[in-house]
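Asker: Below are the structure tokens for one structure; questions will follow.
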Amino acid sequence: PAPAEEGAELAVVIGATVPTGFELTAAEEVQEKLGSASRISRDRGKIYFEVPARSLPQVHRLRSVDNLFVVVQEFKDYQFKENKEDALKDLEDLVKKLPWTDPLKVWKLNNSLKKKKTKRKKHNVQSTASKEKLNDDGEEEGTDQKDASKEEDCAQHNAGVEPTSSQDTEKTQGVASRNGEEEEENEQSDAKDELQAGSGSGTKAGDGKTSEGEAKVLKFRVTCNRAGDKHSFTSNEAARDFGGAVQEHFQWKADMTNFDVEVLLNIHNNEVVVGIALTEESLHRRNITHFGPTTLRSTLAYGMLRLCDPQPTDIIVDPMCGTGAIPIEGATEWPSCYHIAGDNNPQAVKRAANNICSLLKKNENKESSTSPGIPLDIIQWDICNLPLRTGSVDIIVTDMPFGKRIGSKKKNWDLYPACLMEMGRICTPGTGRAALLTQDKKCFAKALSRMGHIWRKGQTVWVNVGGLHAAVYLLKRTWERAEEKRSFW
């Protein structure tokens with residue numbers, strides 16, 4: 001077997017970052033698709049599960065996870081020394097004691113999978129990556145996330161052995177401890193595709209451009225995410241010192257941007273997890289090429305849809321679809337349902353339509369020449385006057401305007417009750433359900449109390465959307481008939 005295949009029989013522990021609040025949903029998906037039980041981390045937004053290394057391709061196809069990493073070792077109750085120098089020295093000494101061999105085999109296997117995929121795509125990847133940059137005229141999820149990645153980069157910037165600058169490291173800490181937000185996505189070069197792997201074993205896993213005799217020196221960086229107020233050091237300092245020890249141990253070269261291996265150091269109070277990243281870019285960007293100012297992450301869209309338990313032939317509507325993240329995710333994962341998306345903003349409808357076209361093209365490019373299309377239509381409409389028959393819809397899943405980037409809090413006081421009323425009209429009494437995401441919780445609660453006769457609140461999932469504390473409300477449609485609208489078409 002090729003050197004990369006040697007890890008295929010290993011059992012590995014995979015860590016996955018998931019949208020905060022949707023840990024249980026992700027665990028259910030892992031159980032259903034991989035047959036593995038998951039452990040939900042006390043540090044929100046992460047789950048851990050064990051699979052054979054040969055299941056890696058299926059792991060990458062999970063819909064509810066943002067980033068994946070292989071766990072090198074986990075410490076449930078790590079005792080940090082009170083003195084900063086001692087605590088950091090302990091982290092340095094840890095590097096030599098960790099069981100790196102198997103996780104590096106898994107990383108190598110993961111790489112060879114990526115390589116096959118890249119060959120298949122024949123460099124389509126680069127064009128889509130550049131398109132993504134061009135089309136991202138808004139930000140994804142809100143600026144907070146982009147700023148977070150900038151700040152977090154400061155932390156990573158010292159992961160080698162360069163002395164730390166006197167920048168404001170506390171900022172990084174703040175970001176690092178943000179509730180379960182995943183590490184930012186870094187667009188890295190294709191260097192990962194031609195690698196020698198392993199702990200200095202000298203075997204090559206790619207067609208590295210070096211001569212037979214010498215193995216290519218790997219480049220790496222350390223990313224530290226730290227949460228908790230009992231530590232005497234910052235995430236910057238931990239990344240720097242741990243990184244220095246990794247460099248010494250493997251004789252790798254520190255490189256913050258063009259790295260082959262990303263070592264993760266996650267510290268949450270007394271829990272410490274060391275891992276190696278398996279995803280270069282968060283999986284949540286999978287469906288969207290045209291981003292709007294508030295594009296929802298596909299992983300969050302999946303979680304919301306899954307809460308509603310879609311059944312074959314259900315009609316699923318997103319009345320405020322923006323760039324189409326929810327209906328596109330729905331149509332991809334539940335193709336036996338029929339999905340309708342709409343928005344009042346012509347620009348949003350255009351972006352969503354472009355995203356659907358990109359997805360259809362992507363499906364055509366896959367090996368099968370006959371692409372069946374996707375069960376999804378997009379319309380421009382007015383949320384308060386939907387051109388849909390009363391009681392004709394099974395499920396409504398939508399991201400309501402937060403009143404920050406789109407609309408305003410003041411407008412929401414009129415908009416929310418009107419929306420809930422109209423959604424109640426089109427939803428099937430008794431069996432209809434809705435999953436609605438909003439950050440304007442006060443306004444939503446008031447609107448819901450006025451609409452109590454047609455909507456009953458089920459569970460509430462608290463989520464973190466680009467640093468904003470938001471909630472997904474699962475609503476059940478009562479048997480009460482909604483008042484008919486006068487016919488207007």
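In the structure tokens, the first chain shown is A, the next is B, and so on; residue numbers restart at 1 for each chain, and ligands run from 1 in the order shown.
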Within 12 Å of Ser449 in chain A, counting only C-alpha atoms, which residues qualify if same-chain residues fewer than 6 places away don't, as a ChimeraX atom specification?

Answerer: /A:416-417,420-421,442-443,455-457

Asker: Return the single residue from A:Leu56, A:Ile14, A:Arg226, A:Phe233 that is closest to Glu82 in chain A, with distances computed using only C-alpha atoms.

Answerer: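 Result for the nearest residue to Glu82 in chain A: A:Phe233.
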
Asker: Excluding range 27-31 of chain A and its own-chain neighbours fewer than 6 positions away, which residues fall within 9 Å of it when counting only C-alpha atoms? Please give them as an MDAnalysis selection string.

Answerer: chainID A and resid 37:40 47:49 59 62:64

Asker: Using only N, CA and C atoms, please write the residues we just selected to a file, as an mmCIF file, in the first residue's frame.

Answerer:
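The new file selection.cif reads:
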data_model
loop_
_atom_site.group_PDB
_atom_site.id
_atom_site.type_symbol
_atom_site.label_atom_id
_atom_site.label_comp_id
_atom_site.auth_asym_id
_atom_site.auth_seq_id
_atom_site.Cartn_x
_atom_site.Cartn_y
_atom_site.Cartn_z
ATOM 1 N N ALA A 37 -20.916 7.132 18.710
ATOM 2 C CA ALA A 37 -21.466 8.002 19.760
ATOM 3 C C ALA A 37 -20.517 9.179 19.941
ATOM 4 N N SER A 38 -21.066 10.347 20.233
ATOM 5 C CA SER A 38 -20.221 11.538 20.414
ATOM 6 C C SER A 38 -20.231 11.961 21.872
ATOM 7 N N ARG A 39 -19.151 12.610 22.266
ATOM 8 C CA ARG A 39 -19.097 13.254 23.564
ATOM 9 C C ARG A 39 -19.196 14.740 23.309
ATOM 10 N N ILE A 40 -20.052 15.409 24.052
ATOM 11 C CA ILE A 40 -20.185 16.853 23.853
ATOM 12 C C ILE A 40 -19.266 17.546 24.849
ATOM 13 N N ILE A 47 -17.667 18.804 19.568
ATOM 14 C CA ILE A 47 -18.010 17.422 19.916
ATOM 15 C C ILE A 47 -16.821 16.539 19.555
ATOM 16 N N TYR A 48 -16.741 15.369 20.200
ATOM 17 C CA TYR A 48 -15.655 14.419 19.926
ATOM 18 C C TYR A 48 -16.258 13.047 19.642
ATOM 19 N N PHE A 49 -15.725 12.338 18.656
ATOM 20 C CA PHE A 49 -16.223 10.981 18.384
ATOM 21 C C PHE A 49 -15.085 10.136 17.821
ATOM 22 N N VAL A 59 -16.571 11.481 7.201
ATOM 23 C CA VAL A 59 -16.495 12.524 8.228
ATOM 24 C C VAL A 59 -16.542 13.894 7.560
ATOM 25 N N LEU A 62 -20.040 15.311 6.682
ATOM 26 C CA LEU A 62 -21.023 15.702 7.706
ATOM 27 C C LEU A 62 -21.507 17.118 7.415
ATOM 28 N N ARG A 63 -22.789 17.377 7.665
ATOM 29 C CA ARG A 63 -23.364 18.685 7.315
ATOM 30 C C ARG A 63 -23.352 19.666 8.479
ATOM 31 N N SER A 64 -23.159 19.155 9.705
ATOM 32 C CA SER A 64 -23.344 20.067 10.847
ATOM 33 C C SER A 64 -22.028 20.532 11.455
#

Asker: Between A:His268, A:Arg240, A:Lys96, A:Lys253, single out the one closest to Lys219 in chain A, counting only C-alpha atoms.

Answerer: A:Lys253

Asker: Counting only C-alpha atoms, which residue out of A:Pro387, A:Gly35, A:Gly244, A:Gly15 sits closest to Leu88 in chain A?

Answerer: A:Gly244

Asker: Could you check the closest approach to Arg54 in chain A for each of A:Leu91, A:Cys357, A:Leu109, A:Leu436 and tell me which residue wins, using only C-alpha atoms?

Answerer: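 Answer, going by the shortest atom-to-atom distance: A:Leu109.
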
Asker: Would you please give, as a PyMOL selection string, all residues of range 274-475 of chain A that DSSP assigns to helix (DSSP H, G or I) based on the backbone?

Answerer: chain A and resi 283-285+298-307+325-333+346-365+409-426+441-450

Asker: Excluding range 273-279 of chain A and residues on its chain fewer than 4 positions from it, collect all residues at most 6 Å away from it, counting only C-alpha atoms, and give them as a count of residues only.

Answerer: 13
